[in-house]
Amino acid sequence: MDLNPTSQDGALVLRPAGRIDHATADAFQAALQPHLEQARAGAAPVVLDMQGVDYISSVGLRVLMMAARQAHDQQGRLVVAGLTPLVKEVFEISRFNLVFEVYDDVAGALAPKGGGE
Amino acid sequence: MPGLIALASRALRSGRGRWGALLLLALLCVPIALPYFTPFPGIGLAWFDLYQRAMPRQRLAGPVTIVEIDAESLRTLGQWPWPRTRLARLIERIGKHGARAIGIDIVMPEPDQTSPEALLGRLDEPPSAVVDALAAMPRNDSVLTETIKRHPVVLGAAGFDAAAPSTTVGLRTWPLVRGGELIGAALRHYPYALVSLPPFQAAASGQGLLSVDLERGVLRRVPLVSTVGAAMVPAFSLELVRVAIEASPIEVETRAGEVAALRVGELRVPAQPSGEAWIHFSRSTPDRYVSALGVLSDRVQSNWFKDKIVIIALTGLGLVDYKTTPLGEYVPGVEAHAQLIESFFDGRHLQRPAWLPAAEAAAFALLAAVLIWAVPVMRRYLAVFLWLALSILVCAIGFGAFAWSGLLVDAANMLIALFLVFASLIAAALAQADHDRRASQQSLRAAREAAARVAGELEAARRIQLGILPRSEASFAGEARFELAAAIEPARAVGGDLYDFFMLDSRHLFLHVADVSGKGLPASLLMAITKVLMKSIALRAAGASEGLLTQANVEISRDNPESHFVTAFAAVLDVDQGELRYWTAGHDTPFVLDAGSACQLDRSGSGPPLSVLPDYRYPQQRHRLAPGSLLVLFTDGVSEAEDPAGGQYGKERLLRCLTRLPPDTSAQAALAAIHADVTRFVAGAPASDDLTLVVLRWLGSRRD
């Protein structure tokens, strides 16, 4: 899975696309893993821009949770932004908005603290 | 026996066959290097014949003329034996035309039976005139003796291994000079000899041995010097040369007690250590022969005898003394002597020196080492080419050495030895391939067995997983306050979904559904743990189960190294009052169908899935059920079931399905209707997630 990494205001922005489910979760995890070391103490947050993601299953949520744990262990931040309605509902049902900082868009994620949901 | 074969196979394959081939190399080097031994003698001789056939000697000088007493001479002049006066006349004619030496390839051990005095003895009462006349005539043998005296005649003698009529143990020899210590045992030895009468020997200028030994029916080499009794005797051919060039005695040149060469005047003929010489034959040609009849009738051409070595031989008596040459020709025995003399003068000597076998062994070892190094790491067909190339190289060396210096290289034995080494390497490679094939078959079988074992274990796990879930129809027989129906379909053999329900006490029903993230064995193990944990916590807390999910979350978070999480919905229903208390952990809340309208339970108090935030406190929520209403618990295997095109079933469809249900539908019928609706939507597409449905119908208050 190609995450299209770009740099915006000094922050790493990753843009996964398509469905993140049992078929693609392993590829998503493999693609995400090398970027996670960017989530360090004092560094800008790593932003997962989810605009291109149509659907995420519980398997995909597990990948996100493990990534969040690693970022947390490194005292860094991994945030999500731009959830599509279906993904947003999954986040709400699963209460992953308690696990992640969720922003409407990348700009919101990079704005000074307090721009979250 | 199979153990022995396996052992042999392992020995053959060790070091890719290199160890076996090296051992073979070492074993084969020994017989090749031995000077008087060849491992495959017949093949070696045949190979030498091949050299001669490919490259017969080119006849340069023609120093020898053979006067043959052929069939025509016998027919015209009378049958054999001729009177020796006629032989004397023949010698006279040859001598008169300037022959340098005259060899007689005829042994005359007895007196002439046609001599006058012999005839007289045979006549019965002859007339006195005849007696007088015969008595006045000279004896034939005396005539021949005189003739032999006047000419440079060399007599032939034959060596015998056993005594026979007319054989003797002694003969007249002209002394040979030894150029050093000679161990006589190496020479060909004849205990007996057949020789001409002593007067002839006394009159002759020389005497040599005619005898040759055939090897496998073919005349290949001639002893240049041998012993008869205690005397060293030169070969007939060598003696003729000595007499022809009026040389001092023949000298035997020795090296380390063995014969190295023979010298006659300026001529040096290299010999085998046993005193033998290999003959390089040229093609048989009639040029060498003249008929005795022509000579006796004085039809002599000037070039026949002038300064030549002439041999008188009998060829007309059928096939008495015919021999096969390496060229495959069938020639009179005399031709061997003639050809040998030719090759002396042409300086064409075939040799197999004592150092040659060692050189052959070294060359073989080198080439075999190349094979041993290269074959195990080469493609099979390239290895065959390499072997062929080396074999051709050996042949080229053999033919080259023969052509250039008359060296008889035993290429055949080298080729065979090289082939044996090559064959052992190929055999090792084949054994290895066979071994690998067996090994791969074995590992394939092992893999299949392992897969079958795992499948069996998964099947067992599935039975256990489904077995630990309660069966609704068996659980609440005779229960009038509610109905329960449940179904589960794992997407894989074992799944991560679960449901459970049981009475906490006579009034409180506990029920829950949960979904472990992930599929297969790891998820199903966590599912089993979750089920046990939830039940034990629920039973411990009994009616006061406020911290139900909070406690479960702490326990699951503690022992979850794989970072799976569990979404769960748990509820306790007061089956008398319809009061529902529930907790949600990242799970979609159930639908409630009441009097034809359906809605989802409020999820505002929902927390994250279990094992995500270990310290999270899950709040309790409440809902009061109306009598006859349905509570539909589900996992995302229902809401996210997919059709073949990838579209999702979705909660909207579930909602519509519920609202279409007729009033007073039982829990079982409602479950069947939802299940059928999902199945119809999925239309055979493979399920990606476990599907779990639990339907509760509360029938109303008993005490109302």
# chains A, B, ... in the order shown; residues from 1 in each chain; ligands from 1
call {"tool": "interface_residues", "arguments": {"of": "chain A", "to": "chain B", "cutoff": "7 Å", "atoms": "only C-alpha atoms", "output": "PyMOL selection string"}}
result
chain A and resi 58-59+62+66+93-96+98
call {"tool": "write_last_selection", "arguments": {"atoms": "N, CA and C atoms", "output": "PDB file, in the first residue's frame"}}
result
ATOM      1  N   SER A  58     -12.289  -3.804  11.781  1.00  0.00           N
ATOM      2  CA  SER A  58     -11.662  -3.926  13.097  1.00  0.00           C
ATOM      3  C   SER A  58     -10.198  -4.335  12.977  1.00  0.00           C
ATOM      4  N   VAL A  59      -9.874  -5.086  11.897  1.00  0.00           N
ATOM      5  CA  VAL A  59      -8.476  -5.477  11.678  1.00  0.00           C
ATOM      6  C   VAL A  59      -7.638  -4.224  11.413  1.00  0.00           C
ATOM      7  N   ARG A  62      -7.022  -2.292  14.488  1.00  0.00           N
ATOM      8  CA  ARG A  62      -5.974  -2.879  15.322  1.00  0.00           C
ATOM      9  C   ARG A  62      -4.598  -2.361  14.887  1.00  0.00           C
ATOM     10  N   MET A  66      -2.036  -0.293  17.308  1.00  0.00           N
ATOM     11  CA  MET A  66      -0.646  -0.656  17.586  1.00  0.00           C
ATOM     12  C   MET A  66       0.298   0.484  17.215  1.00  0.00           C
ATOM     13  N   ILE A  93     -18.381   4.364  16.708  1.00  0.00           N
ATOM     14  CA  ILE A  93     -18.880   3.135  17.333  1.00  0.00           C
ATOM     15  C   ILE A  93     -17.804   2.507  18.205  1.00  0.00           C
ATOM     16  N   SER A  94     -16.575   2.456  17.638  1.00  0.00           N
ATOM     17  CA  SER A  94     -15.500   1.781  18.354  1.00  0.00           C
ATOM     18  C   SER A  94     -14.853   2.691  19.386  1.00  0.00           C
ATOM     19  N   ARG A  95     -15.284   3.946  19.377  1.00  0.00           N
ATOM     20  CA  ARG A  95     -14.740   4.934  20.306  1.00  0.00           C
ATOM     21  C   ARG A  95     -13.235   5.128  20.111  1.00  0.00           C
ATOM     22  N   PHE A  96     -12.771   4.947  18.873  1.00  0.00           N
ATOM     23  CA  PHE A  96     -11.362   5.198  18.627  1.00  0.00           C
ATOM     24  C   PHE A  96     -11.038   6.678  18.691  1.00  0.00           C
ATOM     25  N   LEU A  98     -11.461   8.156  21.200  1.00  0.00           N
ATOM     26  CA  LEU A  98     -10.869   8.304  22.530  1.00  0.00           C
ATOM     27  C   LEU A  98      -9.383   7.922  22.499  1.00  0.00           C
TER      28      LEU A  98
END
call {"tool": "select_by_dssp", "arguments": {"residues": "stretch 591-692 of chain B", "states": "helix (DSSP H, G or I)", "output": "MDAnalysis selection string"}}
result
chainID B and resid 636:639 650:659 667:682
call {"tool": "write_last_selection", "arguments": {"atoms": "C-alpha atoms", "output": "mmCIF file, in the first residue's frame"}}
result
data_model
loop_
_atom_site.group_PDB
_atom_site.id
_atom_site.type_symbol
_atom_site.label_atom_id
_atom_site.label_comp_id
_atom_site.auth_asym_id
_atom_site.auth_seq_id
_atom_site.Cartn_x
_atom_site.Cartn_y
_atom_site.Cartn_z
ATOM 1 C CA ASP B 636 -20.076 -6.284 12.311
ATOM 2 C CA GLY B 637 -20.203 -9.591 10.404
ATOM 3 C CA VAL B 638 -23.901 -8.684 9.986
ATOM 4 C CA SER B 639 -23.740 -4.940 9.360
ATOM 5 C CA GLY B 650 -25.393 -2.026 6.367
ATOM 6 C CA LYS B 651 -27.541 -1.185 9.329
ATOM 7 C CA GLU B 652 -30.158 0.438 7.112
ATOM 8 C CA ARG B 653 -31.015 -2.902 5.562
ATOM 9 C CA LEU B 654 -31.059 -4.519 8.992
ATOM 10 C CA LEU B 655 -33.440 -1.816 10.181
ATOM 11 C CA ARG B 656 -35.766 -2.333 7.180
ATOM 12 C CA CYS B 657 -35.672 -6.079 7.679
ATOM 13 C CA LEU B 658 -36.712 -5.646 11.321
ATOM 14 C CA THR B 659 -39.550 -3.265 10.561
ATOM 15 C CA ALA B 667 -37.138 -14.576 18.626
ATOM 16 C CA GLN B 668 -36.343 -17.680 16.586
ATOM 17 C CA ALA B 669 -38.357 -16.512 13.579
ATOM 18 C CA ALA B 670 -36.831 -13.023 13.756
ATOM 19 C CA LEU B 671 -33.328 -14.519 13.783
ATOM 20 C CA ALA B 672 -34.176 -16.759 10.830
ATOM 21 C CA ALA B 673 -35.596 -13.794 8.866
ATOM 22 C CA ILE B 674 -32.518 -11.613 9.473
ATOM 23 C CA HIS B 675 -30.187 -14.478 8.642
ATOM 24 C CA ALA B 676 -32.079 -15.190 5.421
ATOM 25 C CA ASP B 677 -31.980 -11.510 4.467
ATOM 26 C CA VAL B 678 -28.208 -11.321 4.988
ATOM 27 C CA THR B 679 -27.648 -14.594 3.111
ATOM 28 C CA ARG B 680 -29.747 -13.303 0.211
ATOM 29 C CA PHE B 681 -27.700 -10.080 0.117
ATOM 30 C CA VAL B 682 -24.321 -11.791 0.305
#
call {"tool": "residues_around", "arguments": {"residues": "stretch 174-177 of chain B", "least_positions_apart": "5", "cutoff": "12 Å", "atoms": "only C-alpha atoms", "output": "JSON, numbers by chain"}}
result
{"B": [154, 155, 182, 201, 202, 204, 205, 206, 207, 208, 224, 225, 226, 227, 231, 232, 233, 234, 235, 238, 239, 242, 243, 247, 248, 249, 250, 251, 252, 253, 254, 262, 263, 264, 265]}
call {"tool": "residues_around", "arguments": {"residues": "B:Gln272", "least_positions_apart": "4", "cutoff": "8 Å", "atoms": "only C-alpha atoms", "output": "ChimeraX atom specification"}}
result
/B:259-261,276-277,351-353
call {"tool": "select_by_dssp", "arguments": {"residues": "stretch 35-99 of chain A", "states": "strand (DSSP E or B)", "output": "PyMOL selection string"}}
result
chain A and resi 46-49+52-56+78-81
call {"tool": "write_last_selection", "arguments": {"atoms": "C-alpha atoms", "output": "JSON list (two decimals), in the first residue's frame"}}
result
[["chain", "number", "residue", "atom", "x", "y", "z"],
["A", 46, "VAL", "CA", 2.64, 12.28, 12.18],
["A", 47, "VAL", "CA", -0.71, 12.86, 10.46],
["A", 48, "LEU", "CA", -2.74, 10.09, 8.87],
["A", 49, "ASP", "CA", -4.91, 11.85, 6.31],
["A", 52, "GLY", "CA", -8.99, 8.47, 0.67],
["A", 53, "VAL", "CA", -10.05, 5.66, 3.00],
["A", 54, "ASP", "CA", -13.58, 4.37, 2.24],
["A", 55, "TYR", "CA", -13.80, 1.82, 4.98],
["A", 56, "ILE", "CA", -11.82, 0.48, 7.88],
["A", 78, "LEU", "CA", 0.11, 10.06, 15.71],
["A", 79, "VAL", "CA", -3.11, 11.83, 14.74],
["A", 80, "VAL", "CA", -5.85, 11.17, 12.18],
["A", 81, "ALA", "CA", -7.63, 13.67, 9.98]]
call {"tool": "atom_distance", "arguments": {"atom1": "atom CA of B:His349", "atom2": "atom CA of B:Ala230"}}
result
28.6 Å
call {"tool": "residues_around", "arguments": {"residues": "A:Ala25", "least_positions_apart": "6", "cutoff": "9 Å", "atoms": "only C-alpha atoms", "output": "list in words"}}
result
Arg19, Ser57, Val59, Gly60, Leu61, Arg62 and Val63 of chain A
call {"tool": "residues_around", "arguments": {"residues": "B:Ser211", "least_positions_apart": "2", "cutoff": "9 Å", "atoms": "only C-alpha atoms", "output": "VMD selection string"}}
result
chain B and resid 157 to 160 209 213 222 to 223 235 to 236
call {"tool": "write_last_selection", "arguments": {"atoms": "N, CA and C atoms", "output": "PDB file, in the first residue's frame"}}
result
ATOM      1  N   ALA B 157      68.114 -69.577 -37.337  1.00  0.00           N
ATOM      2  CA  ALA B 157      67.869 -70.673 -36.399  1.00  0.00           C
ATOM      3  C   ALA B 157      66.564 -70.383 -35.667  1.00  0.00           C
ATOM      4  N   ALA B 158      65.958 -71.442 -35.166  1.00  0.00           N
ATOM      5  CA  ALA B 158      64.685 -71.252 -34.467  1.00  0.00           C
ATOM      6  C   ALA B 158      64.833 -71.655 -33.009  1.00  0.00           C
ATOM      7  N   GLY B 159      64.296 -70.827 -32.117  1.00  0.00           N
ATOM      8  CA  GLY B 159      64.350 -71.161 -30.703  1.00  0.00           C
ATOM      9  C   GLY B 159      63.147 -71.998 -30.321  1.00  0.00           C
ATOM     10  N   PHE B 160      63.362 -72.954 -29.391  1.00  0.00           N
ATOM     11  CA  PHE B 160      62.272 -73.822 -28.932  1.00  0.00           C
ATOM     12  C   PHE B 160      62.187 -73.810 -27.417  1.00  0.00           C
ATOM     13  N   LEU B 209      68.487 -65.556 -34.752  1.00  0.00           N
ATOM     14  CA  LEU B 209      67.241 -66.266 -34.418  1.00  0.00           C
ATOM     15  C   LEU B 209      66.080 -65.729 -35.237  1.00  0.00           C
ATOM     16  N   ASP B 213      57.472 -64.147 -31.007  1.00  0.00           N
ATOM     17  CA  ASP B 213      56.309 -64.573 -30.216  1.00  0.00           C
ATOM     18  C   ASP B 213      55.117 -63.723 -30.628  1.00  0.00           C
ATOM     19  N   VAL B 222      59.641 -58.152 -31.733  1.00  0.00           N
ATOM     20  CA  VAL B 222      60.623 -59.200 -32.025  1.00  0.00           C
ATOM     21  C   VAL B 222      61.758 -59.036 -31.028  1.00  0.00           C
ATOM     22  N   PRO B 223      62.236 -60.153 -30.432  1.00  0.00           N
ATOM     23  CA  PRO B 223      63.407 -60.016 -29.566  1.00  0.00           C
ATOM     24  C   PRO B 223      64.650 -59.732 -30.409  1.00  0.00           C
ATOM     25  N   ALA B 235      69.017 -61.285 -33.172  1.00  0.00           N
ATOM     26  CA  ALA B 235      67.940 -61.582 -34.104  1.00  0.00           C
ATOM     27  C   ALA B 235      68.532 -61.722 -35.505  1.00  0.00           C
ATOM     28  N   PHE B 236      67.851 -62.534 -36.310  1.00  0.00           N
ATOM     29  CA  PHE B 236      68.230 -62.774 -37.700  1.00  0.00           C
ATOM     30  C   PHE B 236      68.432 -61.440 -38.430  1.00  0.00           C
TER      31      PHE B 236
END
call {"tool": "residues_around", "arguments": {"residues": "A:Leu32", "least_positions_apart": "6", "cutoff": "10 Å", "atoms": "only C-alpha atoms", "output": "list in words"}}
result
Met1, Asp2, Leu3, Pro5, Leu14, Pro16, Asp26, Leu48, Val63, Leu64 and Ala67 of chain A
call {"tool": "atom_distance", "arguments": {"atom1": "atom CA of B:Ala523", "atom2": "atom CA of B:Leu633"}}
result
20.2 Å
call {"tool": "atom_distance", "arguments": {"atom1": "atom CA of B:Ile468", "atom2": "atom CA of B:Tyr618"}}
result
26.3 Å
